[in-house]
Number of protein chains: 2
Amino acid sequence: MSNIAYFPKPHVDQRPGKRERTKTANRQAILDAAREVFGELGYDAATVRDIIRRTGLASGTFYNYYKSKEEVFDALADDGARRFRPLLREQSEKATDFESFLRGAILAYFNFVATEQESWRVNRPAGEQIPHARATPEMAAVFDEVREAFAKVLEHDHAPKVDLDYLTSACIAVAREIGDKMLDRRPVDTEGAADFAAKLILGGVAALPQL
Amino acid sequence: MSNIAYFPKPHVDQRPGKRERTKTANRQAILDAAREVFGELGYDAATVRDIIRRTGLASGTFYNYYKSKEEVFDALADDGARRFRPLLREQSEKATDFESFLRGAILAYFNFVATEQESWRVNRPAGEQIPHARATPEMAAVFDEVREAFAKVLEHDHAPKVDLDYLTSACIAVAREIGDKMLDRRPVDTEGAADFAAKLILGGVAALPQL
DNA sequence: TGTGATCGTGACGGGGCGTCATCAAGCTCC
DNA sequence: GGAGCTTGATGACGCCCCGTCACGATCACA
C-alpha cells in the first residue's frame with residue numbers, strides 16, 4: 001500500500017500553471033456566456049453586464065479579456081471562421097474542377113451554418129438582426145482562401161481575367177444571403193439551397209466581363 | 001399707403017396650423033441630426049443623446065417621435081427606399097427586356113448609393129459597420145417590386161420556373177455587396193460595377209435549376 | 001377671451017459603462 | 001518551505017445614457 005502514497009502526485013505535470021489555466025477557462029467562460037446571451041436576447045439587446053452576470057465573474061475581470069461587446073462578438077465570429085476553414089480547405093483539396101469545388105464549398109458552408117444555428121441561435125427574437133461579422137483575421141483568411149481558389153481554378157480553365165475582388169465578394173454575399181433564407185425555411189434543405197447557389201454562381205462566372 | 005396695412009396678414013392661410021408645422025419640422029430635424037451623427041460617429045457609437053443634442057430639442061421631445069436609435073435608423077432607411085423606388089419603377093417601365101431592366105436597375109441603384117454616400121456617409125470611421133437596413137415597409141416594397149419584375153420577365157421569356165425568393169434575395173445581395181465594394185474604390189465607377197453585377201446575374205439566371 | 005387639448009421641457013431614478021485601488025493567490029528563487 | 005515579487009480577480013465608484021413624467025407654455029377653437 002505504501003506505493004499508493006506516490007500516486008496522487010506524479011512528479012511531472014505537463015499542464016500549464018494554474019494561472020494560465022484559469023486564464024483560458026475565463027476566456028472560454030466569457031465566450032460561452034456571450035453565445036448564450038446573444039442567442040437569448042439578441043445581439044442588440046444584450047449588454048456586457050448580461051454576459052458578466054452569466055459567467056459569475058466580477059465586472060472588472062471581463063475587461064481583462066475583452067474591451068467591449070463588439071470585441072466578444074468578433075472573437076465568436078473569428079472562432080466560427082477558424083472552425084470552418086478546415087472544411088473549406090478539405091473541399092478545395094478534394095475538388096477536381098471549379099464546379100465541384102464551388103458545390104462542395106457552398107454545401108459545406110450551408111451545413112456548417114445549419115449546425116451552428118442549432119447550437120446557439122437558439123431562441124432569437126423575431127426580426128432580430130445579428131450584425132454581419134466584421135473583418136476579423138480568420139474571416140479575412142476565409143475570404144483570401146476563396147479568392148485564391150477562384151484564381152487558381154479560373155487560370156487553369158484558361159478563363160478570361162475577371163475582377164476577382166468583385167467576384168469573391170459577390171459569391172460570399174450570395175452564399176450568406178441564400179444561407180440565411182435557407183435557415184428560415186422548414187425543413188432546412190441545405191442541398192437544395194447549395195444547388196441553387198452553385199448554379200447561379202457558375203452560370204454567372206461564365207458570363208463575366210473580362211478585364 | 002393704407003393698403004399696406006392689410007398686406008402682412010392675408011386672410012386665408014392654406015398652410016396647416018402651427019402645431020402641425022412644428023411637428024413635421026421636429027421630425028425632420030431629428031432625421032437630419034441623426035443622419036449627421038451616424039455619419040460622423042458611426043451607427044454603433046452614436047447615442048440617442050448625441051442626436052438630441054444636435055437638434056437642440058429636449059430629450060423628452062425626441063421620444064414623442066421615435067422610440068429608439070433603431071427606429072430613427074429605420075426611418076432613414078425607409079426614407080431612402082422611398083426615394084429610390086421611383087427610380088426603380090422608371091427602369092422597369094422603360095426596359096424592353098430582362099437584360100435592359102436588370103442593367104438599368106442596378107446602375108440606378110449604384111448611382112443612387114454613390115450620391116447618397118456623398119451626402120451623409122461623410123466622415124465615417126474606418127472599418128465601421130452600418131447595419132444592413134431592416135425590413136421596413138418601403139424596403140419590403142422594393143423587394144417585392146424586384147421580385148415581381150423578375151416574375152414577369154421570366155414568364156415572358158418562357159423561362160423555367162425558379163425559386164423566386166432565393167433569386168431576388170441573391171440579386172439584391174449581389175447588388176448591395178458590389179455596391180459597397182464599389183464605393184471603396186477610387187474613382188467610383190458605377191458603370192463598371194453595374195456591368196459586372198448585371199453580367200454575373202444574367203449568366204446565373206440562365207443556368208438556374210428549375211423547380 | 002376663455003377653455004381644453006396638445007406637446008415641449010428638463011429633472012429624475014434606474015442602470016450600464018469602464019476604471020482602479022486593493023488584496024489574495026500563484027510563481028520564483030533561495 | 002518560505003520570502004518576496006507578480007499577476008489578475010474583485011467590486012465599489014463616478015460618469016453618462018436611458019426612458020419617463022409632471023408641469024407649464026402654446027395653440028386651436030368656440
# chains A, B, ... in the order shown; residues from 1 in each chain; ligands from 1
>>> residues_around(residues="segment 10-24 of chain D", least_positions_apart="6", cutoff="10 Å", atoms="only C-alpha atoms (C1' of nucleotides)", output="ChimeraX atom specification")
/A:57-61 /B:47-50,59-60,63,67-68 /C:8-9,11-20,22-24
>>> write_last_selection(atoms="C-alpha atoms (C1' of nucleotides)", output="PDB file, in the first residue's frame")
ATOM      1  CA  LEU A  57     -17.068  36.702 -12.690  1.00  0.00           C
ATOM      2  CA  ALA A  58     -16.549  40.246 -11.479  1.00  0.00           C
ATOM      3  CA  SER A  59     -17.138  43.057 -13.915  1.00  0.00           C
ATOM      4  CA  GLY A  60     -13.502  44.097 -13.910  1.00  0.00           C
ATOM      5  CA  THR A  61     -12.440  40.612 -14.926  1.00  0.00           C
TER       6      THR A  61
ATOM      7  CA  THR B  47     -26.280  57.625 -28.872  1.00  0.00           C
ATOM      8  CA  VAL B  48     -29.780  58.982 -28.711  1.00  0.00           C
ATOM      9  CA  ARG B  49     -28.360  61.812 -26.641  1.00  0.00           C
ATOM     10  CA  ASP B  50     -25.968  62.760 -29.443  1.00  0.00           C
ATOM     11  CA  SER B  59     -34.754  64.815 -24.542  1.00  0.00           C
ATOM     12  CA  GLY B  60     -38.398  64.111 -23.935  1.00  0.00           C
ATOM     13  CA  TYR B  63     -39.311  60.249 -27.582  1.00  0.00           C
ATOM     14  CA  LYS B  67     -38.787  55.156 -29.581  1.00  0.00           C
ATOM     15  CA  SER B  68     -35.101  54.492 -30.067  1.00  0.00           C
TER      16      SER B  68
ATOM     17  C1'  DG C   8     -42.181  70.793 -25.489  1.00  0.00           C
ATOM     18  C1'  DT C   9     -39.455  70.614 -21.351  1.00  0.00           C
ATOM     19  C1'  DA C  11     -35.250  66.847 -13.795  1.00  0.00           C
ATOM     20  C1'  DC C  12     -35.146  62.252 -12.125  1.00  0.00           C
ATOM     21  C1'  DG C  13     -34.459  57.263 -10.802  1.00  0.00           C
ATOM     22  C1'  DG C  14     -32.571  53.262 -12.827  1.00  0.00           C
ATOM     23  C1'  DG C  15     -28.932  51.039 -14.648  1.00  0.00           C
ATOM     24  C1'  DG C  16     -24.998  50.017 -17.799  1.00  0.00           C
ATOM     25  C1'  DC C  17     -20.373  51.675 -18.629  1.00  0.00           C
ATOM     26  C1'  DG C  18     -15.235  51.292 -17.874  1.00  0.00           C
ATOM     27  C1'  DT C  19     -11.733  52.168 -14.147  1.00  0.00           C
ATOM     28  C1'  DC C  20      -8.885  51.498 -10.283  1.00  0.00           C
ATOM     29  C1'  DT C  22      -6.890  46.629  -3.068  1.00  0.00           C
ATOM     30  C1'  DC C  23      -5.621  42.187  -1.991  1.00  0.00           C
ATOM     31  C1'  DA C  24      -5.492  37.142  -2.429  1.00  0.00           C
TER      32       DA C  24
END
>>> closest_atom_pairs(of="chain A", to="chain B", cutoff="7 Å", atoms="only C-alpha atoms", output="CSV")
residue,atom,partner,partner_atom,distance
A:Pro131,CA,B:Pro131,CA,6.4
A:Tyr166,CA,B:Ile178,CA,6.2
A:Ser169,CA,B:Glu177,CA,6.6
A:Ala170,CA,B:Val174,CA,5.2
A:Ala173,CA,B:Ala173,CA,5.8
A:Val174,CA,B:Ala170,CA,5.2
A:Glu177,CA,B:Ala170,CA,6.3
A:Ile178,CA,B:Tyr166,CA,6.2
A:Phe196,CA,B:Pro209,CA,6.4
A:Lys199,CA,B:Leu208,CA,5.5
A:Leu200,CA,B:Gly204,CA,4.0
A:Ile201,CA,B:Gly204,CA,5.6
A:Leu202,CA,B:Gly204,CA,6.5
A:Gly203,CA,B:Gly204,CA,4.0
A:Gly204,CA,B:Gly204,CA,4.0
A:Val205,CA,B:Leu200,CA,6.1
A:Ala206,CA,B:Gly203,CA,6.7
A:Ala207,CA,B:Gly203,CA,5.0
A:Leu208,CA,B:Lys199,CA,5.5
A:Pro209,CA,B:Phe196,CA,6.3
>>> closest_residue(among="B:Leu183, B:Ala141, B:Val188, B:Val153", to="Leu102 of chain B", atoms="only C-alpha atoms")
B:Val153
>>> atom_distance(atom1="atom CA of Glu155 of chain B", atom2="atom CA of Lys94 of chain B")
18.2 Å
>>> residues_around(residues="DT28 of chain C", least_positions_apart="3", cutoff="10 Å", atoms="only C-alpha atoms (C1' of nucleotides)", output="list in words")
DG4, DC5 and DT6 of chain D
>>> closest_residue(among="B:Glu20, B:Asp78, B:Glu138, B:Glu71", to="chain C", atoms="only C-alpha atoms (C1' of nucleotides)")
B:Glu20
>>> atom_distance(atom1="atom CA of Glu148 of chain A", atom2="atom CA of Arg85 of chain A")
13.6 Å
>>> select_by_dssp(residues="segment 12-208 of chain A", states="helix (DSSP H, G or I)", output="JSON, numbers by chain")
{"A": [18, 19, 20, 21, 22, 23, 24, 25, 26, 27, 28, 29, 30, 31, 32, 33, 34, 35, 36, 37, 38, 39, 40, 41, 48, 49, 50, 51, 52, 53, 54, 55, 59, 60, 61, 62, 63, 64, 65, 69, 70, 71, 72, 73, 74, 75, 76, 77, 78, 79, 80, 81, 82, 83, 84, 85, 86, 87, 88, 89, 90, 91, 92, 93, 94, 98, 99, 100, 101, 102, 103, 104, 105, 106, 107, 108, 109, 110, 111, 112, 113, 114, 115, 116, 117, 118, 119, 120, 137, 138, 139, 140, 141, 142, 143, 144, 145, 146, 147, 148, 149, 150, 151, 152, 153, 154, 155, 156, 164, 165, 166, 167, 168, 169, 170, 171, 172, 173, 174, 175, 176, 177, 178, 179, 180, 181, 182, 183, 184, 190, 191, 192, 193, 194, 195, 196, 197, 198, 199, 200, 201, 202, 203, 204, 205, 206]}
>>> closest_residue(among="C:DT1, C:DG10, C:DA21, C:DG26", to="chain B", atoms="only C-alpha atoms (C1' of nucleotides)")
C:DG10
>>> residues_around(residues="Phe110 of chain A", least_positions_apart="3", cutoff="6 Å", atoms="only C-alpha atoms (C1' of nucleotides)", output="PDB file with N, CA and C atoms, in the first residue's frame")
ATOM      1  N   LEU A 107     -21.983  23.819 -50.101  1.00  0.00           N
ATOM      2  CA  LEU A 107     -22.703  22.844 -49.282  1.00  0.00           C
ATOM      3  C   LEU A 107     -22.080  22.745 -47.891  1.00  0.00           C
ATOM      4  N   VAL A 113     -23.431  26.371 -41.191  1.00  0.00           N
ATOM      5  CA  VAL A 113     -24.301  27.354 -40.537  1.00  0.00           C
ATOM      6  C   VAL A 113     -25.559  26.700 -39.971  1.00  0.00           C
ATOM      7  N   GLY A 179     -27.959  31.368 -47.576  1.00  0.00           N
ATOM      8  CA  GLY A 179     -27.852  30.613 -46.325  1.00  0.00           C
ATOM      9  C   GLY A 179     -28.841  31.104 -45.289  1.00  0.00           C
ATOM     10  N   THR A 190     -30.339  22.036 -47.034  1.00  0.00           N
ATOM     11  CA  THR A 190     -29.025  22.564 -47.402  1.00  0.00           C
ATOM     12  C   THR A 190     -28.656  22.182 -48.825  1.00  0.00           C
TER      13      THR A 190
END
